[in-house]
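Below: my_file.pdb (PDB, C-alpha atoms and all ligand atoms)
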MODEL        1
ATOM      1  CA  MET A   1      12.070   7.796  21.709
ATOM      2  CA  THR A   2      11.766   7.415  17.930
ATOM      3  CA  ARG A   3       8.234   6.609  16.839
ATOM      4  CA  VAL A   4       8.441   4.186  13.945
ATOM      5  CA  ALA A   5       5.435   3.156  11.859
ATOM      6  CA  VAL A   6       5.081   0.578   9.123
ATOM      7  CA  TYR A   7       2.651   1.187   6.266
ATOM      8  CA  PRO A   8       2.192  -2.234   4.635
ATOM      9  CA  GLY A   9       0.379  -3.086   1.440
ATOM     10  CA  SER A  10       0.528  -4.716  -1.951
ATOM     11  CA  PHE A  11       0.911  -1.354  -3.737
ATOM     12  CA  ASP A  12       0.217  -3.095  -7.065
ATOM     13  CA  PRO A  13       0.604  -0.334  -8.080
ATOM     14  CA  LEU A  14       0.827   2.648  -5.740
ATOM     15  CA  THR A  15      -2.086   5.084  -6.176
ATOM     16  CA  ASN A  16      -2.553   8.728  -5.197
ATOM     17  CA  GLY A  17      -4.662   7.396  -2.328
ATOM     18  CA  HIS A  18      -1.617   5.509  -0.982
ATOM     19  CA  LEU A  19       0.537   8.570  -1.530
ATOM     20  CA  ASP A  20      -1.854  10.688   0.513
ATOM     21  CA  ILE A  21      -1.677   8.199   3.413
ATOM     22  CA  ILE A  22       2.145   8.232   3.187
ATOM     23  CA  GLU A  23       2.307  12.030   3.194
ATOM     24  CA  ARG A  24      -0.009  12.307   6.183
ATOM     25  CA  SER A  25       1.779   9.513   8.089
ATOM     26  CA  VAL A  26       5.195  11.136   7.864
ATOM     27  CA  GLU A  27       3.730  14.076   9.778
ATOM     28  CA  LEU A  28       2.641  11.772  12.601
ATOM     29  CA  PHE A  29       5.691   9.541  13.057
ATOM     30  CA  ASP A  30       9.451  10.091  13.252
ATOM     31  CA  LYS A  31      10.113   7.325  10.750
ATOM     32  CA  LEU A  32       7.824   5.690   8.218
ATOM     33  CA  VAL A  33       8.621   2.377   6.556
ATOM     34  CA  VAL A  34       6.475   1.637   3.522
ATOM     35  CA  ALA A  35       6.549  -2.140   3.358
ATOM     36  CA  VAL A  36       5.599  -3.745   0.075
ATOM     37  CA  ALA A  37       4.262  -7.240   0.608
ATOM     38  CA  HIS A  38       3.075 -10.218  -1.333
ATOM     39  CA  ASN A  39      -0.636 -10.691  -0.654
ATOM     40  CA  GLN A  40      -1.486 -14.386  -1.012
ATOM     41  CA  ARG A  41      -5.043 -13.449  -1.938
ATOM     42  CA  LYS A  42      -4.039 -11.373  -4.956
ATOM     43  CA  GLN A  43      -2.373 -12.042  -8.314
ATOM     44  CA  ALA A  44       0.110  -9.199  -8.806
ATOM     45  CA  LEU A  45       0.601  -7.282 -12.057
ATOM     46  CA  PHE A  46       4.014  -5.933 -11.005
ATOM     47  CA  SER A  47       6.854  -7.813  -9.296
ATOM     48  CA  LEU A  48       7.796  -6.859  -5.741
ATOM     49  CA  GLU A  49      10.962  -5.191  -7.078
ATOM     50  CA  GLU A  50       8.978  -3.131  -9.609
ATOM     51  CA  ARG A  51       6.484  -2.042  -6.961
ATOM     52  CA  ILE A  52       9.269  -1.049  -4.554
ATOM     53  CA  GLU A  53      11.033   0.905  -7.277
ATOM     54  CA  MET A  54       7.854   2.836  -8.113
ATOM     55  CA  VAL A  55       7.207   3.707  -4.455
ATOM     56  CA  ARG A  56      10.838   4.834  -4.027
ATOM     57  CA  ALA A  57      10.643   6.989  -7.148
ATOM     58  CA  VAL A  58       7.661   9.000  -5.910
ATOM     59  CA  THR A  59       8.505   9.372  -2.198
ATOM     60  CA  ASP A  60      11.095  11.437  -0.360
ATOM     61  CA  PRO A  61      13.996   9.155   0.713
ATOM     62  CA  ALA A  62      14.815  11.552   3.535
ATOM     63  CA  ARG A  63      11.428  10.838   5.108
ATOM     64  CA  VAL A  64      10.300   7.443   3.823
ATOM     65  CA  VAL A  65      12.072   4.082   3.846
ATOM     66  CA  VAL A  66      10.739   1.589   1.297
ATOM     67  CA  ASP A  67      11.253  -2.078   2.004
ATOM     68  CA  THR A  68       9.673  -5.478   1.506
ATOM     69  CA  ILE A  69       8.014  -7.869   3.972
ATOM     70  CA  GLU A  70       9.034 -11.500   3.584
ATOM     71  CA  GLY A  71       7.027 -13.077   6.405
ATOM     72  CA  LEU A  72       4.395 -11.938   8.854
ATOM     73  CA  LEU A  73       3.671  -8.235   9.119
ATOM     74  CA  VAL A  74       3.780  -8.223  12.924
ATOM     75  CA  ASP A  75       7.202  -9.937  12.983
ATOM     76  CA  TYR A  76       8.422  -7.368  10.497
ATOM     77  CA  ALA A  77       7.019  -4.472  12.547
ATOM     78  CA  ARG A  78       8.706  -5.765  15.717
ATOM     79  CA  ALA A  79      12.018  -6.255  13.893
ATOM     80  CA  LYS A  80      11.857  -2.625  12.740
ATOM     81  CA  GLY A  81      11.026  -1.381  16.242
ATOM     82  CA  ALA A  82       7.617  -0.177  15.024
ATOM     83  CA  ARG A  83       4.801   0.130  17.543
ATOM     84  CA  ALA A  84       2.328   1.172  14.874
ATOM     85  CA  VAL A  85       1.014  -0.246  11.616
ATOM     86  CA  VAL A  86      -0.719   2.327   9.404
ATOM     87  CA  ARG A  87      -3.586   1.419   7.101
ATOM     88  CA  GLY A  88      -5.804   3.621   4.982
ATOM     89  CA  LEU A  89      -9.555   3.220   5.215
ATOM     90  CA  ARG A  90     -11.942   4.065   2.404
ATOM     91  CA  ALA A  91     -15.536   2.931   2.287
ATOM     92  CA  VAL A  92     -17.403   0.598   4.652
ATOM     93  CA  ALA A  93     -16.436  -2.235   2.297
ATOM     94  CA  ASP A  94     -12.834  -2.023   3.549
ATOM     95  CA  PHE A  95     -13.895  -2.374   7.141
ATOM     96  CA  GLU A  96     -14.464  -6.125   7.470
ATOM     97  CA  TYR A  97     -11.142  -7.085   5.902
ATOM     98  CA  GLU A  98      -9.256  -4.487   7.938
ATOM     99  CA  PHE A  99     -11.077  -5.443  11.126
ATOM    100  CA  GLN A 100     -10.163  -9.128  10.701
ATOM    101  CA  MET A 101      -6.524  -8.388   9.930
ATOM    102  CA  THR A 102      -6.227  -5.968  12.829
ATOM    103  CA  LEU A 103      -7.669  -8.418  15.333
ATOM    104  CA  MET A 104      -5.484 -11.252  14.022
ATOM    105  CA  ASN A 105      -2.393  -9.055  14.162
ATOM    106  CA  ARG A 106      -3.297  -7.924  17.664
ATOM    107  CA  ARG A 107      -3.699 -11.524  18.815
ATOM    108  CA  LEU A 108      -0.302 -12.365  17.317
ATOM    109  CA  ALA A 109       1.402  -9.227  18.655
ATOM    110  CA  PRO A 110      -0.542  -7.207  21.256
ATOM    111  CA  ASP A 111       2.287  -4.663  21.405
ATOM    112  CA  VAL A 112       1.782  -3.619  17.752
ATOM    113  CA  GLU A 113      -1.100  -1.170  17.295
ATOM    114  CA  THR A 114      -2.907  -0.639  13.983
ATOM    115  CA  VAL A 115      -3.706   2.981  13.202
ATOM    116  CA  PHE A 116      -6.230   3.892  10.497
ATOM    117  CA  LEU A 117      -6.149   7.058   8.472
ATOM    118  CA  MET A 118      -9.382   7.896   6.686
ATOM    119  CA  THR A 119      -9.029   8.468   2.956
ATOM    120  CA  ARG A 120      -9.325  11.919   1.480
ATOM    121  CA  ASP A 121     -12.821  12.159   0.026
ATOM    122  CA  ASP A 122     -11.583  12.622  -3.543
ATOM    123  CA  HIS A 123      -9.624   9.353  -3.255
ATOM    124  CA  SER A 124     -12.353   7.332  -1.592
ATOM    125  CA  PHE A 125     -13.177   5.324  -4.722
ATOM    126  CA  VAL A 126      -9.589   4.835  -5.910
ATOM    127  CA  SER A 127      -8.045   1.371  -5.556
ATOM    128  CA  SER A 128      -5.150  -0.358  -7.309
ATOM    129  CA  SER A 129      -7.464  -3.042  -8.671
ATOM    130  CA  LEU A 130      -9.980  -0.563 -10.132
ATOM    131  CA  VAL A 131      -7.200   1.539 -11.645
ATOM    132  CA  LYS A 132      -5.771  -1.618 -13.276
ATOM    133  CA  GLU A 133      -9.203  -2.554 -14.588
ATOM    134  CA  VAL A 134      -9.848   0.904 -16.052
ATOM    135  CA  ALA A 135      -6.356   0.959 -17.599
ATOM    136  CA  SER A 136      -6.838  -2.517 -19.093
ATOM    137  CA  PHE A 137      -9.827  -1.200 -21.060
ATOM    138  CA  GLY A 138      -7.906   1.865 -22.227
ATOM    139  CA  GLY A 139      -9.562   4.262 -19.765
ATOM    140  CA  LYS A 140      -7.841   7.389 -18.483
ATOM    141  CA  ILE A 141      -6.090   6.813 -15.162
ATOM    142  CA  ASP A 142      -3.775   9.821 -14.928
ATOM    143  CA  GLU A 143      -5.640  11.523 -12.109
ATOM    144  CA  PHE A 144      -5.535   8.417  -9.883
ATOM    145  CA  VAL A 145      -1.839   7.510  -9.879
ATOM    146  CA  PRO A 146       1.503   9.379 -10.074
ATOM    147  CA  PRO A 147       2.686  10.014 -13.679
ATOM    148  CA  LEU A 148       5.458   7.385 -13.440
ATOM    149  CA  VAL A 149       2.961   4.746 -12.317
ATOM    150  CA  ALA A 150       0.537   5.661 -15.108
ATOM    151  CA  GLU A 151       3.330   5.256 -17.632
ATOM    152  CA  ARG A 152       4.428   1.846 -16.220
ATOM    153  CA  LEU A 153       0.863   0.645 -16.018
ATOM    154  CA  LYS A 154       0.069   1.501 -19.628
ATOM    155  CA  LYS A 155       3.318  -0.181 -20.723
ATOM    156  CA  ARG A 156       2.627  -3.361 -18.730
ATOM    157  CA  ILE A 157      -0.910  -3.621 -20.053
ATOM    158  CA  ALA A 158       0.313  -3.154 -23.624
ATOM    159  CA  GLU A 159       2.943  -5.887 -23.054
ATOM    160  CA  ARG A 160       0.307  -8.245 -21.689
ATOM    161  CA  ALA A 161      -1.962  -7.560 -24.671
ATOM    162  CA  THR A 162       0.771  -8.518 -27.168
ATOM    163  CA  GLN A 163       1.501 -11.724 -25.207
ATOM    164  CA  ARG A 164      -2.077 -12.926 -25.667
TER     165      ARG A 164
HETATM  166  O1  LIG B   1      -2.719  -3.715   0.151
HETATM  167  P1  LIG B   1      -3.259  -4.998   0.719
HETATM  168  O2  LIG B   1      -3.151  -6.120  -0.301
HETATM  169  O3  LIG B   1      -4.650  -4.861   1.266
HETATM  170  O4  LIG B   1      -2.275  -5.371   1.938
HETATM  171  C1  LIG B   1      -2.429  -6.590   2.641
HETATM  172  C2  LIG B   1      -1.202  -6.850   3.504
HETATM  173  C3  LIG B   1       0.068  -6.825   2.665
HETATM  174  C4  LIG B   1      -1.088  -5.806   4.584
HETATM  175  C5  LIG B   1      -1.389  -8.257   4.165
HETATM  176  O5  LIG B   1      -1.562  -9.218   3.171
HETATM  177  C6  LIG B   1      -0.178  -8.644   5.037
HETATM  178  O6  LIG B   1      -0.054  -8.165   6.138
HETATM  179  N1  LIG B   1       0.708  -9.517   4.518
HETATM  180  C7  LIG B   1       1.892  -9.965   5.213
HETATM  181  C8  LIG B   1       1.674 -11.399   5.750
HETATM  182  C9  LIG B   1       0.804 -11.384   7.004
HETATM  183  O7  LIG B   1       1.197 -10.887   8.049
HETATM  184  N2  LIG B   1      -0.409 -11.936   6.892
HETATM  185  C10 LIG B   1      -1.358 -12.051   7.977
HETATM  186  C11 LIG B   1      -2.235 -10.811   8.068
HETATM  187  S1  LIG B   1      -3.409 -10.911   9.396
ENDMDL
END
Spit out the file's structure as structure tokens when you get a sec.
Amino acid sequence: MTRVAVYPGSFDPLTNGHLDIIERSVELFDKLVVAVAHNQRKQALFSLEERIEMVRAVTDPARVVVDTIEGLLVDYARAKGARAVVRGLRAVADFEYEFQMTLMNRRLAPDVETVFLMTRDDHSFVSSSLVKEVASFGGKIDEFVPPLVAERLKKRIAERATQR
């Protein structure tokens, strides 16, 4: 039996915290699908295609499949034959949101289990939104994201600044 897991998220953009969850997940499952999704609650800085391309560029294609979710996560997981959805958990602040989504997903699809991996302590404060905020004020972000992402982020922020 092949154990397939889906790791969904906005990845706008991918951080070293996400990368750590990906690297640890591939050790636990036979196949990991990183599924980049549109989150209706968030305004994205990068398009879905850009986010997918960045994730592909920094992960091993032999071990990680990068894809996009069009509809519901649980429908996507079932279509991929995944019994598990992986999510990373940082501080207590993440808990309520994750708890609600997990219970909703379980109600929609009791056969799909959500598995949480606790963040590495040195990534516990790193989030895509904070990295974007720091970058937008010219702060140093290189230790929080892969070099390619840092480069794209600085470029996008500079482009946005000239558009204003
Ligand atoms: O990285 P994020 O933004 O916290 O990830 C949220 C994500 C993409 C996992 C969530 O928005 C999602 O599952 N979207 C797909 C649509 C869906 O199934 N929504 C209902 C969730 S209970």
Translate the PyMOL selection byres (((not hetatm)) within 7 of (chain B and resi 1)) into a concrete residue list for this structure, as a compact mmCIF listing (two decimals) with C-alpha atoms, keeping the file's coordinate frame.
# COMPACT_ATOMS: atom_id res chain seq x y z
CA PRO A 8 2.19 -2.23 4.64
CA GLY A 9 0.38 -3.09 1.44
CA SER A 10 0.53 -4.72 -1.95
CA PHE A 11 0.91 -1.35 -3.74
CA VAL A 36 5.60 -3.74 0.08
CA ALA A 37 4.26 -7.24 0.61
CA HIS A 38 3.08 -10.22 -1.33
CA ASN A 39 -0.64 -10.69 -0.65
CA GLN A 40 -1.49 -14.39 -1.01
CA ILE A 69 8.01 -7.87 3.97
CA GLY A 71 7.03 -13.08 6.40
CA LEU A 72 4.39 -11.94 8.85
CA LEU A 73 3.67 -8.24 9.12
CA VAL A 74 3.78 -8.22 12.92
CA MET A 101 -6.52 -8.39 9.93
CA THR A 102 -6.23 -5.97 12.83
CA MET A 104 -5.48 -11.25 14.02
CA ASN A 105 -2.39 -9.06 14.16
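Put simply, CA of Leu117 (chain A) is 8.9 Å away from CA of Arg90 (chain A).
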Practice item. Skip Asn16 (chain A) itself and residues of its chain fewer than 6 positions away, then list as a PyMOL selection string all residues within 10 Å of it, counting only C-alpha atoms. Key: chain A and resi 22+122-123+126-128+142-146+149
Study note, to complete from the structure: CA of Glu50 (chain A) to CA of Ala135 (chain A) measures 17.8 Å
Point to revise | Near-Arg83 (chain A) list (7 Å; only C-alpha atoms; drop same-chain fewer than 5 positions) as a PyMOL selection string | key: chain A and resi 4-5+111-113
If we count all atoms listed in the file and set the cut-off at 12 Å, which residues sit around Leu45 (chain A), ignoring sequence neighbours fewer than 4 positions away in its own chain? Please answer as an mmCIF file with C-alpha atoms, keeping the file's coordinate frame.
data_model
loop_
_atom_site.group_PDB
_atom_site.id
_atom_site.type_symbol
_atom_site.label_atom_id
_atom_site.label_comp_id
_atom_site.auth_asym_id
_atom_site.auth_seq_id
_atom_site.Cartn_x
_atom_site.Cartn_y
_atom_site.Cartn_z
ATOM 1 C CA SER A 10 0.528 -4.716 -1.951
ATOM 2 C CA PHE A 11 0.911 -1.354 -3.737
ATOM 3 C CA ASP A 12 0.217 -3.095 -7.065
ATOM 4 C CA PRO A 13 0.604 -0.334 -8.080
ATOM 5 C CA LEU A 14 0.827 2.648 -5.740
ATOM 6 C CA HIS A 38 3.075 -10.218 -1.333
ATOM 7 C CA ASN A 39 -0.636 -10.691 -0.654
ATOM 8 C CA GLU A 49 10.962 -5.191 -7.078
ATOM 9 C CA GLU A 50 8.978 -3.131 -9.609
ATOM 10 C CA ARG A 51 6.484 -2.042 -6.961
ATOM 11 C CA SER A 128 -5.150 -0.358 -7.309
ATOM 12 C CA SER A 129 -7.464 -3.042 -8.671
ATOM 13 C CA VAL A 131 -7.200 1.539 -11.645
ATOM 14 C CA LYS A 132 -5.771 -1.618 -13.276
ATOM 15 C CA GLU A 133 -9.203 -2.554 -14.588
ATOM 16 C CA SER A 136 -6.838 -2.517 -19.093
ATOM 17 C CA ARG A 152 4.428 1.846 -16.220
ATOM 18 C CA LEU A 153 0.863 0.645 -16.018
ATOM 19 C CA LYS A 154 0.069 1.501 -19.628
ATOM 20 C CA LYS A 155 3.318 -0.181 -20.723
ATOM 21 C CA ARG A 156 2.627 -3.361 -18.730
ATOM 22 C CA ILE A 157 -0.910 -3.621 -20.053
ATOM 23 C CA GLU A 159 2.943 -5.887 -23.054
ATOM 24 C CA ARG A 160 0.307 -8.245 -21.689
#
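Here CA of Thr15 (chain A) and CA of Val33 (chain A) stand 16.9 Å from one another.
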Exercise for review: Could you tell me which of A:Glu53, A:Leu32, A:Arg164, A:Arg24 comes closest to Lys80 (chain A) if we count all atoms listed in the file?
Suggested key: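 Under the stated criterion, the closest residue is A:Leu32.
If all atoms listed in the file are the atoms counted, then among A:Gly138, A:Glu23, A:Leu130, A:Ala109 the closest residue to Tyr76 (chain A) is A:Ala109.
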Review point. So what does the PyMOL selection byres (((chain A and resi 30) around 9) and not hetatm) actually pick up in this one, as a list in words?
Key: Thr2, Arg3, Val4, Ala5, Val26, Glu27, Leu28, Phe29, Lys31, Leu32 and Arg63 of chain A
Point to revise | Nearest-residue call for Val66 (chain A), choices A:Phe137, A:Phe99, A:Phe125, A:Tyr7, using only C-alpha atoms | key: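 Of the candidates, the smallest distance to Val66 (chain A) is held by A:Tyr7.
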Exercise for review: Check what the PyMOL selection byres (((chain A and resi 87) around 8) and not hetatm) selects in the file above and give those residues as a PyMOL selection string.
Suggested key: chain A and resi 7-8+21+85-86+88-89+114-117
Check your understanding: When distances are computed from all atoms listed in the file, which of A:Glu98, A:Leu19, A:Ala158, A:Ala93 shows the smallest separation from Ala57 (chain A)?
Key ->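 Among A:Glu98, A:Leu19, A:Ala158, A:Ala93, it is A:Leu19 that comes nearest to Ala57 (chain A).
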